[in-house]
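Asks: Take a look at data-v5.cif, mmCIF, C-alpha atoms:
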data_structure
loop_
_atom_site.group_PDB
_atom_site.id
_atom_site.type_symbol
_atom_site.label_atom_id
_atom_site.label_comp_id
_atom_site.auth_asym_id
_atom_site.auth_seq_id
_atom_site.Cartn_x
_atom_site.Cartn_y
_atom_site.Cartn_z
ATOM 1 C CA MET A 1 0.000 0.000 0.000
ATOM 2 C CA MET A 2 1.147 3.535 -0.683
ATOM 3 C CA THR A 3 2.472 5.676 2.146
ATOM 4 C CA THR A 4 1.962 9.134 0.673
ATOM 5 C CA LEU A 5 -0.554 11.011 -1.422
ATOM 6 C CA SER A 6 0.963 13.396 -3.962
ATOM 7 C CA ALA A 7 -0.213 17.007 -4.218
ATOM 8 C CA PRO A 8 -1.914 16.393 -7.597
ATOM 9 C CA ASP A 9 -3.708 13.338 -6.214
ATOM 10 C CA ARG A 10 -4.811 15.333 -3.144
ATOM 11 C CA GLY A 11 -6.434 17.858 -5.461
ATOM 12 C CA LYS A 12 -8.073 15.149 -7.547
ATOM 13 C CA TYR A 13 -9.287 13.391 -4.399
ATOM 14 C CA TYR A 14 -10.984 16.527 -3.085
ATOM 15 C CA ARG A 15 -12.350 17.559 -6.483
ATOM 16 C CA GLY A 16 -13.779 14.098 -7.013
ATOM 17 C CA LEU A 17 -15.591 14.229 -3.697
ATOM 18 C CA LEU A 18 -16.881 17.720 -4.514
ATOM 19 C CA VAL A 19 -18.342 16.468 -7.776
ATOM 20 C CA LEU A 20 -19.885 13.525 -5.943
ATOM 21 C CA VAL A 21 -21.521 15.798 -3.360
ATOM 22 C CA ARG A 22 -23.160 17.966 -6.002
ATOM 23 C CA ARG A 23 -24.417 15.098 -8.170
ATOM 24 C CA ASP A 24 -27.831 15.120 -6.475
ATOM 25 C CA ARG A 25 -27.962 18.974 -6.648
ATOM 26 C CA VAL A 26 -28.278 19.237 -2.844
ATOM 27 C CA ILE A 27 -25.442 19.757 -0.382
ATOM 28 C CA HIS A 28 -26.625 18.197 2.854
ATOM 29 C CA ARG A 29 -25.291 19.589 6.145
ATOM 30 C CA ARG A 30 -23.515 16.298 6.898
ATOM 31 C CA GLU A 31 -21.908 16.281 3.437
ATOM 32 C CA ARG A 32 -20.659 19.816 4.012
ATOM 33 C CA ASP A 33 -19.235 18.925 7.426
ATOM 34 C CA MET A 34 -17.531 15.850 6.014
ATOM 35 C CA MET A 35 -16.035 17.813 3.118
ATOM 36 C CA LEU A 36 -14.604 20.384 5.516
ATOM 37 C CA ARG A 37 -13.053 17.600 7.601
ATOM 38 C CA ILE A 38 -11.605 15.911 4.528
ATOM 39 C CA GLY A 39 -10.258 19.257 3.309
ATOM 40 C CA ARG A 40 -8.386 19.644 6.607
ATOM 41 C CA LEU A 41 -7.056 16.082 6.355
ATOM 42 C CA LEU A 42 -5.787 16.826 2.847
ATOM 43 C CA ASP A 43 -4.187 20.048 4.117
ATOM 44 C CA PHE A 44 -6.361 22.490 2.152
ATOM 45 C CA ASP A 45 -6.960 25.974 3.521
ATOM 46 C CA GLU A 46 -10.273 26.090 5.396
ATOM 47 C CA ARG A 47 -11.372 29.304 3.656
ATOM 48 C CA PHE A 48 -10.756 27.650 0.276
ATOM 49 C CA CYS A 49 -12.911 24.674 1.298
ATOM 50 C CA VAL A 50 -15.728 26.875 2.638
ATOM 51 C CA ASP A 51 -15.743 29.089 -0.467
ATOM 52 C CA THR A 52 -15.641 26.082 -2.778
ATOM 53 C CA LEU A 53 -18.588 24.445 -1.021
ATOM 54 C CA ASP A 54 -20.535 27.725 -1.047
ATOM 55 C CA ASP A 55 -20.148 27.984 -4.838
ATOM 56 C CA LEU A 56 -20.203 24.281 -5.653
ATOM 57 C CA LEU A 57 -23.617 24.074 -7.306
ATOM 58 C CA THR A 58 -22.831 26.936 -9.716
ATOM 59 C CA ASN A 59 -19.070 26.504 -10.233
ATOM 60 C CA ARG A 60 -18.549 25.470 -13.856
ATOM 61 C CA LEU A 61 -14.784 25.150 -13.385
ATOM 62 C CA ILE A 62 -15.274 21.936 -11.428
ATOM 63 C CA THR A 63 -16.031 19.550 -14.261
ATOM 64 C CA ASP A 64 -17.671 16.149 -14.095
ATOM 65 C CA LYS A 65 -14.942 14.542 -16.167
ATOM 66 C CA PRO A 66 -13.933 11.245 -14.496
ATOM 67 C CA ILE A 67 -10.785 11.556 -12.452
ATOM 68 C CA VAL A 68 -7.788 9.355 -13.144
ATOM 69 C CA PHE A 69 -5.445 8.966 -10.201
ATOM 70 C CA SER A 70 -1.725 8.293 -10.448
ATOM 71 C CA ARG A 71 -2.079 4.820 -8.957
ATOM 72 C CA ARG A 72 -4.814 2.237 -8.682
ATOM 73 C CA GLU A 73 -4.409 2.187 -4.881
ATOM 74 C CA VAL A 74 -5.358 5.864 -4.707
ATOM 75 C CA ALA A 75 -8.478 5.220 -6.788
ATOM 76 C CA GLU A 76 -9.466 2.352 -4.498
ATOM 77 C CA CYS A 77 -9.025 4.532 -1.403
ATOM 78 C CA PHE A 78 -10.950 7.350 -3.055
ATOM 79 C CA LEU A 79 -13.863 5.074 -3.904
ATOM 80 C CA LYS A 80 -14.034 3.674 -0.377
ATOM 81 C CA ASP A 81 -14.186 7.181 1.098
ATOM 82 C CA ALA A 82 -16.600 8.311 -1.611
ATOM 83 C CA VAL A 83 -19.051 5.562 -0.674
ATOM 84 C CA ALA A 84 -19.042 6.898 2.918
ATOM 85 C CA VAL A 85 -19.598 10.458 1.694
ATOM 86 C CA ALA A 86 -22.365 9.406 -0.696
ATOM 87 C CA GLY A 87 -24.279 7.735 2.103
ATOM 88 C CA CYS A 88 -23.875 10.337 4.797
ATOM 89 C CA ASP A 89 -27.201 11.968 3.866
ATOM 90 C CA ASP A 90 -28.938 8.571 4.227
ATOM 91 C CA HIS A 91 -29.586 8.338 0.496
ATOM 92 C CA VAL A 92 -27.277 7.243 -2.287
ATOM 93 C CA HIS A 93 -28.593 8.991 -5.378
ATOM 94 C CA PRO A 94 -28.371 7.190 -8.758
ATOM 95 C CA HIS A 95 -26.275 10.099 -10.099
ATOM 96 C CA GLU A 96 -23.777 9.524 -7.278
ATOM 97 C CA VAL A 97 -23.551 5.828 -8.119
ATOM 98 C CA ALA A 98 -23.038 6.670 -11.809
ATOM 99 C CA TRP A 99 -20.212 9.071 -10.883
ATOM 100 C CA LEU A 100 -18.500 6.412 -8.757
ATOM 101 C CA ARG A 101 -18.811 3.883 -11.581
ATOM 102 C CA SER A 102 -17.203 6.341 -14.016
ATOM 103 C CA ILE A 103 -14.261 6.810 -11.630
ATOM 104 C CA ALA A 104 -13.869 3.056 -11.214
ATOM 105 C CA ARG A 105 -13.893 2.535 -14.998
ATOM 106 C CA ALA A 106 -11.481 5.407 -15.640
ATOM 107 C CA ASN A 107 -9.041 3.841 -13.171
ATOM 108 C CA GLY A 108 -9.290 0.298 -14.532
ATOM 109 C CA LEU A 109 -11.376 -1.136 -11.713
ATOM 110 C CA PRO A 110 -14.044 -3.655 -12.688
ATOM 111 C CA GLY A 111 -17.673 -2.930 -11.860
ATOM 112 C CA GLU A 112 -17.705 -5.878 -9.478
ATOM 113 C CA TRP A 113 -15.042 -4.187 -7.352
ATOM 114 C CA LEU A 114 -17.263 -1.179 -6.748
ATOM 115 C CA ASP A 115 -20.423 -3.277 -6.384
ATOM 116 C CA ALA A 116 -18.784 -5.250 -3.586
ATOM 117 C CA GLY A 117 -18.324 -2.049 -1.582
ATOM 118 C CA MET A 118 -21.710 -0.474 -2.265
ATOM 119 C CA PRO A 119 -24.401 -1.055 0.336
ATOM 120 C CA GLU A 120 -27.789 -2.150 -0.919
ATOM 121 C CA SER A 121 -29.526 0.457 1.187
ATOM 122 C CA PRO A 122 -28.091 3.090 3.513
ATOM 123 C CA GLY A 123 -30.450 2.091 6.339
ATOM 124 C CA ASN A 124 -28.969 -1.410 6.447
ATOM 125 C CA SER A 125 -25.376 -0.629 5.620
ATOM 126 C CA GLY A 126 -23.871 0.776 8.771
ATOM 127 C CA TRP A 127 -23.299 4.214 7.271
ATOM 128 C CA GLN A 128 -21.347 6.274 9.748
ATOM 129 C CA GLU A 129 -22.560 9.785 10.398
ATOM 130 C CA GLN A 130 -19.068 10.914 11.430
ATOM 131 C CA PRO A 131 -16.536 8.566 9.800
ATOM 132 C CA SER A 132 -12.892 9.096 10.622
ATOM 133 C CA PHE A 133 -11.757 8.500 7.020
ATOM 134 C CA PRO A 134 -9.142 5.885 7.858
ATOM 135 C CA VAL A 135 -8.725 5.185 4.157
ATOM 136 C CA VAL A 136 -7.490 8.653 3.221
ATOM 137 C CA ARG A 137 -5.543 8.884 6.477
ATOM 138 C CA GLN A 138 -3.418 5.895 5.485
ATOM 139 C CA LEU A 139 -2.250 7.812 2.405
ATOM 140 C CA LEU A 140 -1.164 10.936 4.261
#
Just dump the structure as structure tokens.
Replies:
Amino acid sequence: MMTTLSAPDRGKYYRGLLVLVRRDRVIHRRERDMMLRIGRLLDFDERFCVDTLDDLLTNRLITDKPIVFSRREVAECFLKDAVAVAGCDDHVHPHEVAWLRSIARANGLPGEWLDAGMPESPGNSGWQEQPSFPVVRQLL
């Protein structure tokens, strides 16, 4: 497993989660809180994170183009954290699932890999309201 996350991959990681959060066109309070925590973990300036979240639904500079990480391990970690973020509002929207599938495909991960990590329903999946993001932490 990797021991560090490069600066470009940190940016891609955060941007990918931002795109995920806006896929259902609603930024839930828990999603916002999680994104601020992840931003701190990734060493982004808090003001940058707040401003980005405030403008997320209208910011055309953040594109929906699937992100390709430098290494497969980073993509796997991203997808694991993204599943937690997607479910934090107690509903995984079909647009969020489609986004995660596009990331998996772009990074050479088979659909079965992502399916194995996706809960069938948030109510029965053990979604954590305040996850500690151990996956991204192991890359820092």
Asks: For A:Leu79, find every residue with an atom within 9 Å (counting only C-alpha atoms), except residues of its own chain fewer than 6 positions away, and show them as a PyMOL selection string.
Replies: chain A and resi 100+103-104+114+117
Asks: Tell me which of A:Asp81, A:Asp33, A:Asp64, A:Asp45 sits closest to A:Trp99, counting all atoms listed in the file.
Replies: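 For A:Trp99, the nearest of the candidates is A:Asp64.
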Asks: Check what the PyMOL selection byres ((chain A and resi 36) around 12) selects in the file above and give those residues as number ranges by chain.
Replies: A: 14, 17-18, 29-35, 37-54, 85
Asks: Could you dump the residues just selected with C-alpha atoms as a compact mmCIF listing (two decimals), keeping the file's coordinate frame?
Replies:
# COMPACT_ATOMS: atom_id res chain seq x y z
CA TYR A 14 -10.98 16.53 -3.08
CA LEU A 17 -15.59 14.23 -3.70
CA LEU A 18 -16.88 17.72 -4.51
CA ARG A 29 -25.29 19.59 6.14
CA ARG A 30 -23.52 16.30 6.90
CA GLU A 31 -21.91 16.28 3.44
CA ARG A 32 -20.66 19.82 4.01
CA ASP A 33 -19.24 18.92 7.43
CA MET A 34 -17.53 15.85 6.01
CA MET A 35 -16.04 17.81 3.12
CA ARG A 37 -13.05 17.60 7.60
CA ILE A 38 -11.60 15.91 4.53
CA GLY A 39 -10.26 19.26 3.31
CA ARG A 40 -8.39 19.64 6.61
CA LEU A 41 -7.06 16.08 6.36
CA LEU A 42 -5.79 16.83 2.85
CA ASP A 43 -4.19 20.05 4.12
CA PHE A 44 -6.36 22.49 2.15
CA ASP A 45 -6.96 25.97 3.52
CA GLU A 46 -10.27 26.09 5.40
CA ARG A 47 -11.37 29.30 3.66
CA PHE A 48 -10.76 27.65 0.28
CA CYS A 49 -12.91 24.67 1.30
CA VAL A 50 -15.73 26.88 2.64
CA ASP A 51 -15.74 29.09 -0.47
CA THR A 52 -15.64 26.08 -2.78
CA LEU A 53 -18.59 24.44 -1.02
CA ASP A 54 -20.54 27.72 -1.05
CA VAL A 85 -19.60 10.46 1.69
Asks: Between A:Gly11, A:Ser102, A:Val26, A:His91, which is the closest to A:Leu56 once you count all atoms listed in the file?
Replies: A:Val26
Asks: What does the structure give for the distance between atom CA of A:Arg10 and atom CA of A:Phe78, in Å to one decimal?
Replies: 10.1 Å
Asks: Here's the selection I'm unsure about, the PyMOL selection byres ((chain A and resi 93) around 12); applied to the file above, which residues does it give, as a PyMOL selection string?
Replies: chain A and resi 20-26+83+85-92+94-100+121-122
Asks: Near A:Val68, within 10 Å and counting only C-alpha atoms, which residues show up once chain neighbours fewer than 2 positions away are dropped, as a PyMOL selection string?
Replies: chain A and resi 9+12-13+16+65-66+70-72+74-75+102-108
Asks: Rounded to one decimal, what separation in Å do you get between atom CA of A:Thr4 and atom CA of A:Val19?
Replies: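 Pair atom CA of A:Thr4 / atom CA of A:Val19 returns 23.2 Å.
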Asks: Could you tell me how far atom CA of A:Arg101 sits from atom CA of A:Ile67, in Å to one decimal place?
Replies: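 Distance reported for this atom pair: 11.1 Å.
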